[in-house]
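Have a look at my_file.pdb; it's PDB, C-alpha atoms:
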ATOM      1  CA  MET A  28      98.913  87.180 130.233
ATOM      2  CA  ASN A  29      95.666  85.563 131.337
ATOM      3  CA  LEU A  30      93.338  86.922 133.997
ATOM      4  CA  ASP A  31      94.852  84.704 136.679
ATOM      5  CA  SER A  32      98.172  86.526 136.242
ATOM      6  CA  TYR A  33      96.717  89.791 137.540
ATOM      7  CA  LYS A  34      96.714  89.983 141.319
ATOM      8  CA  TYR A  35      95.073  93.423 141.701
ATOM      9  CA  ILE A  36      92.282  94.232 139.253
ATOM     10  CA  VAL A  37      90.111  97.354 139.210
ATOM     11  CA  VAL A  38      86.806  97.718 137.363
ATOM     12  CA  GLU A  39      85.772 101.324 136.733
ATOM     13  CA  GLY A  40      83.071 103.320 134.971
ATOM     14  CA  PRO A  41      80.076 105.582 135.628
ATOM     15  CA  ILE A  42      77.123 104.751 137.849
ATOM     16  CA  GLY A  43      74.895 102.013 136.469
ATOM     17  CA  VAL A  44      77.473 100.591 134.048
ATOM     18  CA  GLY A  45      77.914  97.294 135.902
ATOM     19  CA  LYS A  46      81.134  97.723 137.899
ATOM     20  CA  THR A  47      80.173  95.882 141.052
ATOM     21  CA  THR A  48      78.493  93.070 139.137
ATOM     22  CA  LEU A  49      81.629  92.439 137.109
ATOM     23  CA  VAL A  50      83.875  92.735 140.176
ATOM     24  CA  ASN A  51      81.907  89.998 141.927
ATOM     25  CA  LYS A  52      81.912  87.847 138.779
ATOM     26  CA  ILE A  53      85.701  88.147 138.368
ATOM     27  CA  ALA A  54      86.363  87.569 142.070
ATOM     28  CA  MET A  55      84.209  84.438 142.024
ATOM     29  CA  HIS A  56      85.991  83.210 138.891
ATOM     30  CA  LEU A  57      89.418  83.737 140.474
ATOM     31  CA  GLY A  58      88.518  82.805 144.031
ATOM     32  CA  GLY A  59      89.647  86.290 145.088
ATOM     33  CA  ARG A  60      88.535  89.024 147.460
ATOM     34  CA  VAL A  61      86.583  92.168 146.631
ATOM     35  CA  LEU A  62      87.108  95.796 147.613
ATOM     36  CA  LEU A  63      83.905  97.743 146.998
ATOM     37  CA  GLU A  64      82.769 101.316 147.317
ATOM     38  CA  GLN A  65      80.128 101.709 150.007
ATOM     39  CA  PRO A  66      77.782 104.484 148.855
ATOM     40  CA  GLN A  67      75.085 103.331 151.281
ATOM     41  CA  ALA A  68      77.389 104.350 154.146
ATOM     42  CA  ASN A  69      77.517 107.991 152.984
ATOM     43  CA  PRO A  70      74.969 109.916 155.099
ATOM     44  CA  PHE A  71      74.995 112.859 152.683
ATOM     45  CA  LEU A  72      74.372 111.009 149.432
ATOM     46  CA  GLU A  73      70.569 110.932 149.523
ATOM     47  CA  LYS A  74      70.542 114.642 150.388
ATOM     48  CA  PHE A  75      72.956 115.299 147.512
ATOM     49  CA  TYR A  76      70.570 113.705 145.011
ATOM     50  CA  ARG A  77      67.820 116.029 146.280
ATOM     51  CA  ASP A  78      69.914 119.212 146.562
ATOM     52  CA  ALA A  79      73.304 118.838 144.869
ATOM     53  CA  PRO A  80      74.681 122.391 145.312
ATOM     54  CA  ARG A  81      74.074 122.311 149.068
ATOM     55  CA  TYR A  82      75.440 118.835 149.811
ATOM     56  CA  ALA A  83      78.051 118.311 147.098
ATOM     57  CA  LEU A  84      81.083 119.174 149.243
ATOM     58  CA  SER A  85      80.098 117.082 152.260
ATOM     59  CA  THR A  86      79.185 114.151 150.008
ATOM     60  CA  GLN A  87      82.467 114.371 148.123
ATOM     61  CA  MET A  88      84.606 114.689 151.224
ATOM     62  CA  PHE A  89      82.944 111.678 152.847
ATOM     63  CA  PHE A  90      83.669 109.575 149.766
ATOM     64  CA  LEU A  91      87.255 110.823 149.660
ATOM     65  CA  PHE A  92      87.918 109.839 153.282
ATOM     66  CA  GLN A  93      86.111 106.522 152.814
ATOM     67  CA  ARG A  94      88.159 105.559 149.746
ATOM     68  CA  ILE A  95      91.423 106.641 151.343
ATOM     69  CA  ASN A  96      90.697 104.557 154.451
ATOM     70  CA  GLN A  97      89.779 101.523 152.357
ATOM     71  CA  LEU A  98      93.001 101.766 150.365
ATOM     72  CA  ARG A  99      95.087 102.252 153.498
ATOM     73  CA  ASP A 100      93.529  99.137 155.025
ATOM     74  CA  PHE A 101      94.293  97.286 151.789
ATOM     75  CA  SER A 102      97.898  98.513 151.822
ATOM     76  CA  THR A 103      98.287  97.340 155.416
ATOM     77  CA  THR A 104      96.936  93.915 154.485
ATOM     78  CA  LEU A 105      99.265  93.834 151.509
ATOM     79  CA  ALA A 106     102.283  94.590 153.664
ATOM     80  CA  GLN A 107     101.318  91.952 156.228
ATOM     81  CA  ASN A 108     100.329  89.153 153.856
ATOM     82  CA  ASP A 109     102.499  89.919 150.828
ATOM     83  CA  LEU A 110      99.484  89.491 148.526
ATOM     84  CA  PHE A 111     101.435  89.894 145.305
ATOM     85  CA  ASP A 112     103.705  86.970 146.148
ATOM     86  CA  SER A 113     100.754  84.753 147.026
ATOM     87  CA  PRO A 114      98.051  83.102 144.922
ATOM     88  CA  GLY A 115      95.473  85.625 146.171
ATOM     89  CA  HIS A 116      93.597  88.126 144.036
ATOM     90  CA  LEU A 117      91.916  91.407 144.913
ATOM     91  CA  VAL A 118      89.221  92.919 142.661
ATOM     92  CA  ALA A 119      88.010  96.484 143.347
ATOM     93  CA  ASP A 120      85.310  98.690 141.876
ATOM     94  CA  PHE A 121      87.097 102.025 142.235
ATOM     95  CA  LEU A 122      90.305 103.894 141.547
ATOM     96  CA  LEU A 123      91.150 106.673 143.966
ATOM     97  CA  ALA A 124      92.593 108.632 141.036
ATOM     98  CA  LYS A 125      89.092 109.009 139.560
ATOM     99  CA  ASP A 126      87.751 110.733 142.697
ATOM    100  CA  PRO A 127      88.342 114.252 141.304
ATOM    101  CA  ILE A 128      86.060 113.449 138.342
ATOM    102  CA  PHE A 129      83.016 113.769 140.584
ATOM    103  CA  ALA A 130      84.450 116.694 142.507
ATOM    104  CA  ARG A 131      84.996 118.716 139.332
ATOM    105  CA  LEU A 132      81.442 117.993 138.171
ATOM    106  CA  THR A 133      79.642 118.837 141.387
ATOM    107  CA  LEU A 134      81.669 121.407 143.335
ATOM    108  CA  ALA A 135      81.765 125.160 142.934
ATOM    109  CA  ASP A 136      85.182 126.602 142.076
ATOM    110  CA  GLU A 137      86.163 127.576 145.631
ATOM    111  CA  GLU A 138      84.900 124.258 146.993
ATOM    112  CA  PHE A 139      86.902 122.391 144.397
ATOM    113  CA  LYS A 140      90.070 124.261 145.398
ATOM    114  CA  LEU A 141      89.507 123.183 149.006
ATOM    115  CA  TYR A 142      88.792 119.615 147.921
ATOM    116  CA  GLN A 143      91.947 119.531 145.757
ATOM    117  CA  GLN A 144      94.085 120.664 148.677
ATOM    118  CA  MET A 145      92.644 117.918 150.868
ATOM    119  CA  TYR A 146      93.030 115.326 148.104
ATOM    120  CA  ASP A 147      96.667 116.238 147.473
ATOM    121  CA  HIS A 148      97.451 116.244 151.205
ATOM    122  CA  LEU A 149      95.703 112.994 152.138
ATOM    123  CA  ARG A 150      96.135 110.816 149.060
ATOM    124  CA  PRO A 151      98.029 107.655 150.082
ATOM    125  CA  GLN A 152     100.679 105.915 148.027
ATOM    126  CA  ALA A 153      98.345 103.160 146.896
ATOM    127  CA  ALA A 154      99.410 100.088 144.975
ATOM    128  CA  THR A 155      99.056 100.345 141.197
ATOM    129  CA  PRO A 156      96.569  97.870 139.715
ATOM    130  CA  ASP A 157      97.864  95.122 137.469
ATOM    131  CA  LEU A 158      94.828  95.640 135.217
ATOM    132  CA  VAL A 159      92.065  98.233 134.941
ATOM    133  CA  ILE A 160      88.815  97.390 133.147
ATOM    134  CA  TYR A 161      86.903 100.517 132.138
ATOM    135  CA  LEU A 162      83.234  99.859 131.353
ATOM    136  CA  GLN A 163      81.373 102.214 129.016
ATOM    137  CA  ALA A 164      77.686 102.587 128.084
ATOM    138  CA  GLU A 165      75.482 105.350 126.682
ATOM    139  CA  PRO A 166      73.806 107.678 129.229
ATOM    140  CA  GLU A 167      70.374 106.474 128.071
ATOM    141  CA  THR A 168      71.387 102.893 128.847
ATOM    142  CA  LEU A 169      72.668 103.889 132.270
ATOM    143  CA  ILE A 170      69.369 105.624 133.063
ATOM    144  CA  GLU A 171      67.456 102.457 132.192
ATOM    145  CA  ARG A 172      69.733 100.284 134.318
ATOM    146  CA  ILE A 173      69.483 102.679 137.253
ATOM    147  CA  LYS A 174      65.681 102.589 136.998
ATOM    148  CA  LYS A 175      65.672  98.788 136.874
ATOM    149  CA  ARG A 176      67.695  98.380 140.053
ATOM    150  CA  GLY A 177      65.168 100.619 141.821
ATOM    151  CA  ILE A 178      67.302 102.405 144.413
ATOM    152  CA  GLU A 179      65.007 105.216 145.504
ATOM    153  CA  MET A 180      67.596 107.916 146.077
ATOM    154  CA  GLU A 181      69.014 107.398 142.544
ATOM    155  CA  ALA A 182      65.668 108.172 140.898
ATOM    156  CA  SER A 183      66.492 111.883 140.580
ATOM    157  CA  ILE A 184      69.756 111.384 138.655
ATOM    158  CA  SER A 185      69.330 113.331 135.433
ATOM    159  CA  PRO A 186      70.354 112.271 131.917
ATOM    160  CA  GLU A 187      72.300 115.541 131.667
ATOM    161  CA  TYR A 188      74.391 114.680 134.729
ATOM    162  CA  LEU A 189      75.069 111.175 133.426
ATOM    163  CA  ALA A 190      76.101 112.554 130.016
ATOM    164  CA  ARG A 191      78.595 114.902 131.697
ATOM    165  CA  LEU A 192      79.835 112.071 133.912
ATOM    166  CA  CYS A 193      80.393 109.754 130.938
ATOM    167  CA  GLU A 194      82.279 112.486 129.104
ATOM    168  CA  SER A 195      84.465 113.111 132.161
ATOM    169  CA  TYR A 196      85.268 109.406 132.457
ATOM    170  CA  SER A 197      86.185 109.280 128.768
ATOM    171  CA  ARG A 198      88.591 112.199 129.186
ATOM    172  CA  PHE A 199      90.127 110.669 132.296
ATOM    173  CA  PHE A 200      90.803 107.292 130.702
ATOM    174  CA  TYR A 201      91.956 108.849 127.441
ATOM    175  CA  HIS A 202      94.989 110.066 129.405
ATOM    176  CA  TYR A 203      95.251 107.173 131.885
ATOM    177  CA  ASP A 204      98.504 105.205 131.521
ATOM    178  CA  GLU A 205      99.349 103.984 135.023
ATOM    179  CA  ALA A 206      98.261 100.389 134.380
ATOM    180  CA  PRO A 207      97.210  98.126 131.492
ATOM    181  CA  LEU A 208      93.721  99.221 130.442
ATOM    182  CA  MET A 209      90.927  97.203 128.843
ATOM    183  CA  ILE A 210      88.147  99.513 127.617
ATOM    184  CA  VAL A 211      84.886  97.571 127.353
ATOM    185  CA  ASN A 212      81.743  98.777 125.604
ATOM    186  CA  ASN A 213      79.152  97.280 127.944
ATOM    187  CA  GLU A 214      76.196  98.458 125.881
ATOM    188  CA  HIS A 215      75.275  95.013 124.510
ATOM    189  CA  LEU A 216      76.990  92.681 126.982
ATOM    190  CA  ASP A 217      75.479  90.697 129.842
ATOM    191  CA  LEU A 218      78.598  89.982 131.825
ATOM    192  CA  ALA A 219      76.675  88.799 134.871
ATOM    193  CA  GLY A 220      74.048  86.539 133.340
ATOM    194  CA  ASN A 221      75.613  85.376 130.088
ATOM    195  CA  ASP A 222      78.584  83.059 130.519
ATOM    196  CA  ALA A 223      79.425  83.374 126.815
ATOM    197  CA  ASP A 224      79.807  87.154 127.131
ATOM    198  CA  PHE A 225      81.974  86.759 130.230
ATOM    199  CA  SER A 226      84.115  84.167 128.440
ATOM    200  CA  LEU A 227      84.537  86.570 125.508
ATOM    201  CA  LEU A 228      85.830  89.231 127.882
ATOM    202  CA  LEU A 229      88.250  86.800 129.513
ATOM    203  CA  ALA A 230      89.541  85.780 126.094
ATOM    204  CA  ARG A 231      90.125  89.405 125.127
ATOM    205  CA  ILE A 232      92.011  90.009 128.367
ATOM    206  CA  ASP A 233      94.104  86.877 127.786
ATOM    207  CA  GLY A 234      94.912  88.157 124.299
ATOM    208  CA  MET A 235      96.050  91.641 125.343
ATOM    209  CA  ARG A 236      99.344  92.490 123.671
ATOM    210  CA  GLY A 237      99.605  96.208 124.370
ATOM    211  CA  LYS A 238      98.936  98.386 127.395
ATOM    212  CA  ARG A 239      95.562  99.591 126.079
ATOM    213  CA  GLU A 240      92.913  97.620 124.225
ATOM    214  CA  PHE A 241      89.239  98.014 123.361
ATOM    215  CA  PHE A 242      86.496  95.374 123.428
ATOM    216  CA  ASN A 243      83.200  95.998 121.633
ATOM    217  CA  ARG A 244      81.062  92.945 120.870
ATOM    218  CA  GLY A 245      78.327  94.960 119.124
ATOM    219  CA  GLU A 246      74.709  93.860 118.901
TER
END

Let me see the structure of the file written as structure tokens.
Amino acid sequence: MNLDSYKYIVVEGPIGVGKTTLVNKIAMHLGGRVLLEQPQANPFLEKFYRDAPRYALSTQMFFLFQRINQLRDFSTTLAQNDLFDSPGHLVADFLLAKDPIFARLTLADEEFKLYQQMYDHLRPQAATPDLVIYLQAEPETLIERIKKRGIEMEASISPEYLARLCESYSRFFYHYDEAPLMIVNNEHLDLAGNDADFSLLLARIDGMRGKREFFNRGE
């Protein structure tokens, strides 16, 4: 199957790995719509970066409600417009199923139990993606990319936190089998600025034969 065959595509990975950039690139290539996380709308996020133990629960719960509402709106649109029977494409930069990754990293045990109850109770029956692209990069690379984009509240993100986050993502996607999965080492790729790199990725997606494949261009 080529990329055009996938109607609902999700790009995932840790902060700074290039999710949103690739989502916009794919959506432009396909003439599709985007569904993006909106971290700037979370009023607790900047406080979380300054004092994680105090603001972790409120930050996590805001993101949970935000993602659930976005997916419910998407499901409503899907039901009304029958997206999967139309030429349209939707490209998103998050999976709701990854939400507990952050919760487990940042919440105390009792807070996580409360979060898990809310997650289990509120989680909608969201559509399964046709393809998930999981971007990977080393924590040191993520730190450099975060510094380059210069978002002030992200300046306090520690290498230790990013290392734990990357490990948690790796564990999550090691077991993930809900949709076809392309694992992409984004360490030495420029998927936004280099058309040759983007074309390489498209070719690898077109050539997928199994449900899980890995793309590593190397240096």

Open item on the list: Counting all atoms listed in the file, find residues at most 8 Å from (99.2, 96.6, 129.0) (file frame) and give them as a PyMOL selection string.
Closed with: chain A and resi 158+206-208+235-240

Task: Residue among A:Gln87, A:Ser183, A:Ser195, A:Asn69 lying closest to Tyr142 in chain A, counting all atoms listed in the file - done: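 Closest to Tyr142 in chain A, using all atoms listed in the file: A:Gln87.
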
Open item on the list: From the options A:Asp157, A:Gly177, A:Ala230, A:Asp222, which residue's atoms come nearest to Glu205 in chain A, counting all atoms listed in the file?
Closed with: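 For Glu205 in chain A, the nearest of the given residues is A:Asp157.
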
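Minimum atom-to-atom distances from A:Pro127, A:Met55, A:Glu73, A:Ser85 to Phe199 in chain A were compared using only C-alpha atoms, and the lowest value belongs to A:Pro127.
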
Task: Residues matched by the PyMOL selection byres ((chain A and resi 38-41) around 9) as a count of residues only - done: 28

TODO: For CA of Leu30 in chain A and CA of Ala219 in chain A, quote the distance in Å rounded to one decimal.
DONE: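 Interatomic distance here is 16.8 Å.
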
Open item on the list: Just checking: using all atoms listed in the file, which residue out of A:Ser226, A:Asn243, A:Gln152, A:Gln93 ends up closest to His56 in chain A?
Closed with: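 Under the stated criterion, the closest residue is A:Ser226.
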